[in-house]
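A.B. asks: Provided herewith: upload36.cif, mmCIF, C-alpha atoms.
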data_input
#
loop_
_atom_site.group_PDB
_atom_site.id
_atom_site.type_symbol
_atom_site.label_atom_id
_atom_site.label_comp_id
_atom_site.auth_asym_id
_atom_site.auth_seq_id
_atom_site.Cartn_x
_atom_site.Cartn_y
_atom_site.Cartn_z
ATOM 1 C CA MET A 1 -5.685 -24.590 -19.842
ATOM 2 C CA ARG A 2 -6.716 -24.629 -23.521
ATOM 3 C CA GLU A 3 -5.972 -21.847 -26.012
ATOM 4 C CA PRO A 4 -9.153 -19.720 -26.029
ATOM 5 C CA HIS A 5 -8.265 -18.083 -29.362
ATOM 6 C CA PRO A 6 -6.386 -20.601 -31.511
ATOM 7 C CA GLY A 7 -4.808 -19.336 -34.733
ATOM 8 C CA GLU A 8 -2.182 -20.234 -37.311
ATOM 9 C CA HIS A 9 0.809 -19.575 -35.007
ATOM 10 C CA TYR A 10 -0.704 -21.030 -31.852
ATOM 11 C CA THR A 11 -3.245 -23.720 -32.690
ATOM 12 C CA GLU A 12 -5.554 -25.618 -30.347
ATOM 13 C CA HIS A 13 -3.623 -28.069 -28.135
ATOM 14 C CA ARG A 14 -3.165 -31.426 -29.822
ATOM 15 C CA SER A 15 -0.666 -33.034 -27.449
ATOM 16 C CA TRP A 16 0.656 -32.638 -23.926
ATOM 17 C CA GLU A 17 4.145 -31.773 -25.239
ATOM 18 C CA GLN A 18 2.709 -28.970 -27.348
ATOM 19 C CA LYS A 19 0.705 -27.629 -24.395
ATOM 20 C CA LEU A 20 3.873 -27.625 -22.268
ATOM 21 C CA ARG A 21 5.820 -25.783 -24.993
ATOM 22 C CA TYR A 22 3.082 -23.158 -25.278
ATOM 23 C CA ALA A 23 3.149 -22.693 -21.491
ATOM 24 C CA ARG A 24 6.922 -22.094 -21.594
ATOM 25 C CA GLU A 25 6.582 -19.593 -24.411
ATOM 26 C CA CYS A 26 3.716 -17.838 -22.635
ATOM 27 C CA ARG A 27 5.869 -17.432 -19.532
ATOM 28 C CA GLU A 28 8.786 -16.044 -21.545
ATOM 29 C CA GLN A 29 6.705 -13.700 -23.692
ATOM 30 C CA ASP A 30 4.657 -12.296 -20.823
ATOM 31 C CA GLY A 31 7.482 -12.260 -18.243
ATOM 32 C CA ILE A 32 5.519 -14.363 -15.745
ATOM 33 C CA GLU A 33 7.486 -14.879 -12.518
ATOM 34 C CA THR A 34 5.010 -16.856 -10.427
ATOM 35 C CA THR A 35 4.956 -20.654 -10.379
ATOM 36 C CA MET A 36 3.232 -21.929 -13.499
ATOM 37 C CA ILE A 37 1.402 -25.243 -13.336
ATOM 38 C CA VAL A 38 0.143 -26.992 -16.442
ATOM 39 C CA ASP A 39 -3.201 -28.788 -16.569
ATOM 40 C CA ASP A 40 -3.720 -32.078 -18.440
ATOM 41 C CA LEU A 41 -4.774 -32.081 -22.100
ATOM 42 C CA ASP A 42 -8.438 -32.668 -21.154
ATOM 43 C CA GLY A 43 -8.481 -29.555 -18.959
ATOM 44 C CA THR A 44 -9.589 -31.502 -15.860
ATOM 45 C CA MET A 45 -8.517 -28.809 -13.388
ATOM 46 C CA HIS A 46 -9.653 -25.916 -15.604
ATOM 47 C CA ARG A 47 -13.107 -27.503 -15.942
ATOM 48 C CA ALA A 48 -13.385 -28.031 -12.195
ATOM 49 C CA TYR A 49 -12.886 -24.309 -11.641
ATOM 50 C CA GLY A 50 -15.347 -23.010 -14.233
ATOM 51 C CA GLU A 51 -13.621 -22.898 -17.641
ATOM 52 C CA MET A 52 -13.086 -19.147 -18.067
ATOM 53 C CA PRO A 53 -9.831 -18.221 -19.856
ATOM 54 C CA ASN A 54 -8.492 -15.647 -17.387
ATOM 55 C CA MET A 55 -10.387 -16.299 -14.164
ATOM 56 C CA ALA A 56 -8.819 -15.966 -10.717
ATOM 57 C CA TYR A 57 -9.334 -17.621 -7.342
ATOM 58 C CA ILE A 58 -7.972 -17.182 -3.853
ATOM 59 C CA ILE A 59 -8.079 -20.356 -1.774
ATOM 60 C CA GLY A 60 -8.111 -19.895 2.006
ATOM 61 C CA LYS A 61 -5.976 -21.810 4.473
ATOM 62 C CA ASP A 62 -9.062 -23.913 5.180
ATOM 63 C CA GLY A 63 -9.015 -25.152 1.565
ATOM 64 C CA ARG A 64 -12.212 -23.284 0.676
ATOM 65 C CA VAL A 65 -12.768 -20.689 -2.030
ATOM 66 C CA ALA A 66 -12.246 -17.246 -0.454
ATOM 67 C CA TYR A 67 -12.603 -15.306 -3.697
ATOM 68 C CA LYS A 68 -13.485 -16.021 -7.311
ATOM 69 C CA ALA A 69 -13.488 -13.652 -10.261
ATOM 70 C CA MET A 70 -14.530 -14.223 -13.856
ATOM 71 C CA TRP A 71 -11.649 -12.031 -15.055
ATOM 72 C CA THR A 72 -8.368 -11.469 -13.225
ATOM 73 C CA ASP A 73 -8.000 -8.095 -11.504
ATOM 74 C CA HIS A 74 -4.632 -7.933 -9.735
ATOM 75 C CA ALA A 75 -5.495 -4.867 -7.654
ATOM 76 C CA GLU A 76 -8.612 -6.593 -6.336
ATOM 77 C CA ILE A 77 -6.655 -9.767 -5.518
ATOM 78 C CA GLU A 78 -4.110 -7.708 -3.586
ATOM 79 C CA ALA A 79 -6.885 -5.964 -1.645
ATOM 80 C CA MET A 80 -8.518 -9.302 -0.829
ATOM 81 C CA ILE A 81 -5.235 -10.747 0.473
ATOM 82 C CA GLU A 82 -4.808 -7.651 2.657
ATOM 83 C CA THR A 83 -8.298 -8.322 4.024
ATOM 84 C CA LEU A 84 -7.483 -11.973 4.773
ATOM 85 C CA LEU A 85 -4.227 -11.034 6.532
ATOM 86 C CA GLY A 86 -6.135 -8.366 8.457
ATOM 87 C CA VAL A 87 -8.525 -11.023 9.741
ATOM 88 C CA GLU A 88 -5.537 -13.008 11.029
ATOM 89 C CA ASP A 89 -4.131 -9.908 12.739
ATOM 90 C CA ALA A 90 -7.482 -9.226 14.364
ATOM 91 C CA ALA A 91 -7.696 -12.810 15.621
ATOM 92 C CA ALA A 92 -4.177 -12.542 17.057
ATOM 93 C CA LYS A 93 -5.338 -9.492 18.993
ATOM 94 C CA GLY A 94 -8.355 -11.355 20.281
ATOM 95 C CA LEU A 95 -10.873 -9.537 18.086
ATOM 96 C CA ARG A 96 -13.686 -11.667 16.748
ATOM 97 C CA THR A 97 -14.659 -11.553 13.080
ATOM 98 C CA ARG A 98 -17.243 -13.710 11.409
ATOM 99 C CA ALA A 99 -17.370 -14.880 7.817
ATOM 100 C CA SER A 100 -19.957 -13.251 5.593
ATOM 101 C CA TYR A 101 -20.951 -13.744 1.943
ATOM 102 C CA THR A 102 -20.851 -11.029 -0.745
ATOM 103 C CA GLU A 103 -21.849 -11.227 -4.392
ATOM 104 C CA ARG A 104 -21.457 -8.362 -6.847
ATOM 105 C CA ILE A 105 -20.821 -7.383 -10.436
ATOM 106 C CA SER A 106 -17.386 -5.954 -11.149
ATOM 107 C CA TYR A 107 -16.309 -3.956 -14.173
ATOM 108 C CA VAL A 108 -13.214 -4.716 -16.189
ATOM 109 C CA THR A 109 -11.506 -2.965 -19.074
ATOM 110 C CA GLY A 110 -12.923 -4.023 -22.418
ATOM 111 C CA TYR A 111 -10.829 -5.577 -25.139
ATOM 112 C CA THR A 112 -8.612 -2.721 -26.401
ATOM 113 C CA PRO A 113 -6.897 -2.673 -29.800
ATOM 114 C CA GLU A 114 -3.546 -3.008 -27.979
ATOM 115 C CA LEU A 115 -4.577 -6.104 -26.043
ATOM 116 C CA SER A 116 -6.261 -7.506 -29.096
ATOM 117 C CA SER A 117 -3.087 -7.029 -31.109
ATOM 118 C CA HIS A 118 -0.909 -8.599 -28.395
ATOM 119 C CA VAL A 119 -2.971 -11.691 -27.659
ATOM 120 C CA LEU A 120 -4.853 -12.374 -30.884
ATOM 121 C CA GLY A 121 -2.002 -11.099 -33.055
ATOM 122 C CA ARG A 122 0.453 -13.666 -31.764
ATOM 123 C CA ALA A 123 -2.144 -16.392 -32.265
ATOM 124 C CA GLY A 124 -2.504 -15.479 -35.943
ATOM 125 C CA PRO A 125 -5.025 -13.948 -38.399
ATOM 126 C CA LYS A 126 -7.558 -16.756 -37.875
ATOM 127 C CA ALA A 127 -7.851 -15.853 -34.174
ATOM 128 C CA ILE A 128 -8.620 -12.245 -35.088
ATOM 129 C CA THR A 129 -11.253 -13.252 -37.665
ATOM 130 C CA ASP A 130 -12.884 -15.744 -35.269
ATOM 131 C CA PHE A 131 -13.007 -13.107 -32.532
ATOM 132 C CA GLN A 132 -14.580 -10.569 -34.887
ATOM 133 C CA ASN A 133 -17.190 -13.107 -35.960
ATOM 134 C CA ALA A 134 -17.985 -14.171 -32.400
ATOM 135 C CA ILE A 135 -17.971 -10.867 -30.549
ATOM 136 C CA GLY A 136 -17.061 -7.938 -32.769
ATOM 137 C CA GLY A 137 -15.050 -5.169 -31.150
ATOM 138 C CA PRO A 138 -11.911 -3.303 -32.104
ATOM 139 C CA ARG A 139 -9.528 -4.503 -34.745
ATOM 140 C CA PRO A 140 -5.894 -4.871 -33.671
ATOM 141 C CA GLY A 141 -3.908 -1.655 -34.018
ATOM 142 C CA MET B 142 -17.397 -34.718 -18.019
ATOM 143 C CA SER B 143 -19.568 -33.892 -21.003
ATOM 144 C CA GLU B 144 -16.818 -32.613 -23.305
ATOM 145 C CA SER B 145 -14.215 -34.773 -25.023
ATOM 146 C CA ALA B 146 -10.599 -33.550 -25.203
ATOM 147 C CA ASP B 147 -11.190 -32.552 -28.840
ATOM 148 C CA GLU B 148 -14.255 -30.501 -27.900
ATOM 149 C CA TYR B 149 -12.449 -28.960 -24.933
ATOM 150 C CA ASN B 150 -9.511 -27.936 -27.151
ATOM 151 C CA TYR B 151 -11.696 -26.316 -29.794
ATOM 152 C CA ALA B 152 -10.095 -24.931 -32.986
ATOM 153 C CA THR B 153 -12.502 -22.019 -33.468
ATOM 154 C CA PHE B 154 -13.659 -19.449 -30.901
ATOM 155 C CA THR B 155 -17.419 -18.912 -31.298
ATOM 156 C CA THR B 156 -20.226 -16.793 -29.837
ATOM 157 C CA SER B 157 -21.719 -19.780 -28.038
ATOM 158 C CA GLU B 158 -18.316 -20.535 -26.516
ATOM 159 C CA ALA B 159 -18.040 -16.965 -25.232
ATOM 160 C CA ARG B 160 -21.568 -16.874 -23.804
ATOM 161 C CA GLY B 161 -21.765 -20.412 -22.524
ATOM 162 C CA LYS B 162 -18.695 -20.337 -20.344
ATOM 163 C CA THR B 163 -19.693 -17.228 -18.433
ATOM 164 C CA ARG B 164 -22.803 -19.135 -17.287
ATOM 165 C CA VAL B 165 -20.726 -22.190 -16.382
ATOM 166 C CA PHE B 166 -18.444 -20.012 -14.281
ATOM 167 C CA ALA B 167 -21.253 -18.127 -12.532
ATOM 168 C CA ASN B 168 -23.098 -21.332 -11.647
ATOM 169 C CA SER B 169 -20.215 -23.438 -10.342
ATOM 170 C CA LEU B 170 -17.896 -23.513 -7.336
ATOM 171 C CA HIS B 171 -18.977 -20.643 -5.111
ATOM 172 C CA ALA B 172 -17.092 -18.767 -2.394
ATOM 173 C CA GLY B 173 -17.152 -20.764 0.821
ATOM 174 C CA GLU B 174 -17.112 -24.115 -0.951
ATOM 175 C CA GLU B 175 -14.294 -26.636 -0.833
ATOM 176 C CA ALA B 176 -11.821 -25.969 -3.668
ATOM 177 C CA PRO B 177 -11.256 -29.036 -5.879
ATOM 178 C CA ASP B 178 -7.838 -30.513 -5.157
ATOM 179 C CA PHE B 179 -5.343 -30.971 -7.979
ATOM 180 C CA ASP B 180 -1.861 -32.415 -8.363
ATOM 181 C CA LEU B 181 -0.163 -30.920 -11.427
ATOM 182 C CA PRO B 182 3.364 -30.425 -12.805
ATOM 183 C CA THR B 183 5.198 -27.104 -12.859
ATOM 184 C CA LEU B 184 7.398 -25.989 -15.741
ATOM 185 C CA GLU B 185 10.404 -26.842 -13.541
ATOM 186 C CA GLY B 186 9.280 -30.455 -13.277
ATOM 187 C CA ASP B 187 8.070 -30.264 -9.671
ATOM 188 C CA ARG B 188 4.506 -31.050 -8.701
ATOM 189 C CA VAL B 189 2.032 -28.814 -6.912
ATOM 190 C CA ARG B 190 -0.889 -30.206 -4.952
ATOM 191 C CA LEU B 191 -3.427 -27.682 -3.706
ATOM 192 C CA SER B 192 -3.943 -29.533 -0.422
ATOM 193 C CA GLN B 193 -0.234 -29.183 0.480
ATOM 194 C CA PHE B 194 -0.927 -25.542 1.394
ATOM 195 C CA ARG B 195 -3.863 -26.272 3.700
ATOM 196 C CA GLY B 196 -3.414 -24.652 7.102
ATOM 197 C CA GLU B 197 -0.211 -23.003 5.856
ATOM 198 C CA LYS B 198 -0.734 -20.520 3.031
ATOM 199 C CA TYR B 199 -3.297 -18.696 0.958
ATOM 200 C CA VAL B 200 -3.191 -19.761 -2.689
ATOM 201 C CA VAL B 201 -3.834 -17.450 -5.648
ATOM 202 C CA LEU B 202 -4.813 -19.213 -8.872
ATOM 203 C CA GLU B 203 -4.733 -17.216 -12.094
ATOM 204 C CA PHE B 204 -5.651 -19.030 -15.283
ATOM 205 C CA GLY B 205 -4.166 -18.143 -18.657
ATOM 206 C CA ALA B 206 -2.896 -19.232 -22.050
ATOM 207 C CA VAL B 207 -0.805 -17.817 -24.889
ATOM 208 C CA THR B 208 -3.815 -16.622 -26.878
#
Produce structure tokens that represent the structure in this file.
C.D. replies:
Amino acid sequence: MREPHPGEHYTEHRSWEQKLRYARECREQDGIETTMIVDDLDGTMHRAYGEMPNMAYIIGKDGRVAYKAMWTDHAEIEAMIETLLGVEDAAAKGLRTRASYTERISYVTGYTPELSSHVLGRAGPKAITDFQNAIGGPRPG
Amino acid sequence: MSESADEYNYATFTTSEARGKTRVFANSLHAGEEAPDFDLPTLEGDRVRLSQFRGEKYVVLEFGAVT
């Protein structure tokens, strides 16, 4: 997806090659071990899923959205996968479950000085200034 | 799509960007709906198509960027 907070060191994407290079550097810097896929320059896939910068989805075996979250919460994702596997176990034992729909507000940690320094700091001073102007909040430590 | 590639890859993060996208997210693609298929490259040069996992595996999608 696009860079949500472009700066002097990491600008907005201007070419596919640049986007690919940023993705590689992101994986190295953050120690990401899962498969990383890279969207096209227009953000076709990112747009189709709702355009948030750190959203998360779980897609069921039926190809339908089982879970969506505006901000990634790994503990919640793990709990949801446990639930889905539990439904399979129940079915294997002949227990019937039925799908239901839940909607709720969740609460995530606000932007801390540490996170701000890590993410905005590596983007460059412009990213920090833009963030301050747009939202306010803590200055990088 | 309403945005051009230049608009999508904006150079400056703004208040309207921050507010607008939360509404886009909340109003699109709900739980229970068919997930849009995609066919995209990995950093290893393979390709991943969402539909290849249908009937086989759950798929976790986490979106991110450097900044």
A.B. asks: What are the closest atom pairs, with distances in Å to one decimal, for all residues of chain B lying within 6 Å of chain A? Consider only C-alpha atoms, order rows by chain and residue number, and present the result as a Markdown table.
C.D. replies:
| residue | atom | partner | partner_atom | distance |
| --- | --- | --- | --- | --- |
| B:Ala146 | CA | A:Asp42 | CA | 4.7 |
| B:Asn150 | CA | A:Glu12 | CA | 5.6 |
| B:Ala152 | CA | A:Glu12 | CA | 5.3 |
| B:Phe154 | CA | A:His5 | CA | 5.8 |
| B:Thr155 | CA | A:Ala134 | CA | 4.9 |
| B:Thr156 | CA | A:Ala134 | CA | 4.3 |
| B:Val165 | CA | A:Gly50 | CA | 5.9 |
| B:Phe166 | CA | A:Gly50 | CA | 4.3 |
| B:Ala172 | CA | A:Val65 | CA | 4.7 |
| B:Gly173 | CA | A:Val65 | CA | 5.2 |
| B:Glu174 | CA | A:Arg64 | CA | 5.2 |
| B:Glu175 | CA | A:Arg64 | CA | 4.2 |
| B:Ala176 | CA | A:Arg64 | CA | 5.1 |
| B:Pro182 | CA | A:Ile37 | CA | 5.6 |
| B:Thr183 | CA | A:Ile37 | CA | 4.3 |
| B:Arg195 | CA | A:Lys61 | CA | 5.0 |
| B:Gly196 | CA | A:Lys61 | CA | 4.6 |
| B:Lys198 | CA | A:Lys61 | CA | 5.6 |
| B:Tyr199 | CA | A:Gly60 | CA | 5.1 |
| B:Val200 | CA | A:Ile59 | CA | 5.0 |
| B:Val201 | CA | A:Ile58 | CA | 4.5 |
| B:Leu202 | CA | A:Tyr57 | CA | 5.0 |
| B:Glu203 | CA | A:Ala56 | CA | 4.5 |
| B:Phe204 | CA | A:Asn54 | CA | 4.9 |
| B:Gly205 | CA | A:Asn54 | CA | 5.2 |
| B:Ala206 | CA | A:Glu3 | CA | 5.7 |
| B:Val207 | CA | A:Cys26 | CA | 5.1 |
| B:Thr208 | CA | A:Val119 | CA | 5.1 |
A.B. asks: What does the distance from CA of Asn168 (chain B) to CA of Tyr151 (chain B) come to in Å, to one decimal?
C.D. replies: 22.0 Å
A.B. asks: To one decimal place in Å, what is the distance between CA of Arg164 (chain B) and CA of Ser106 (chain A)?
C.D. replies: 15.5 Å
A.B. asks: Rounded to one decimal, what separation in Å do you get between CA of Arg190 (chain B) and CA of Asp178 (chain B)?
C.D. replies: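 Value for the CA of Arg190 (chain B)-CA of Asp178 (chain B) distance: 7.0 Å.
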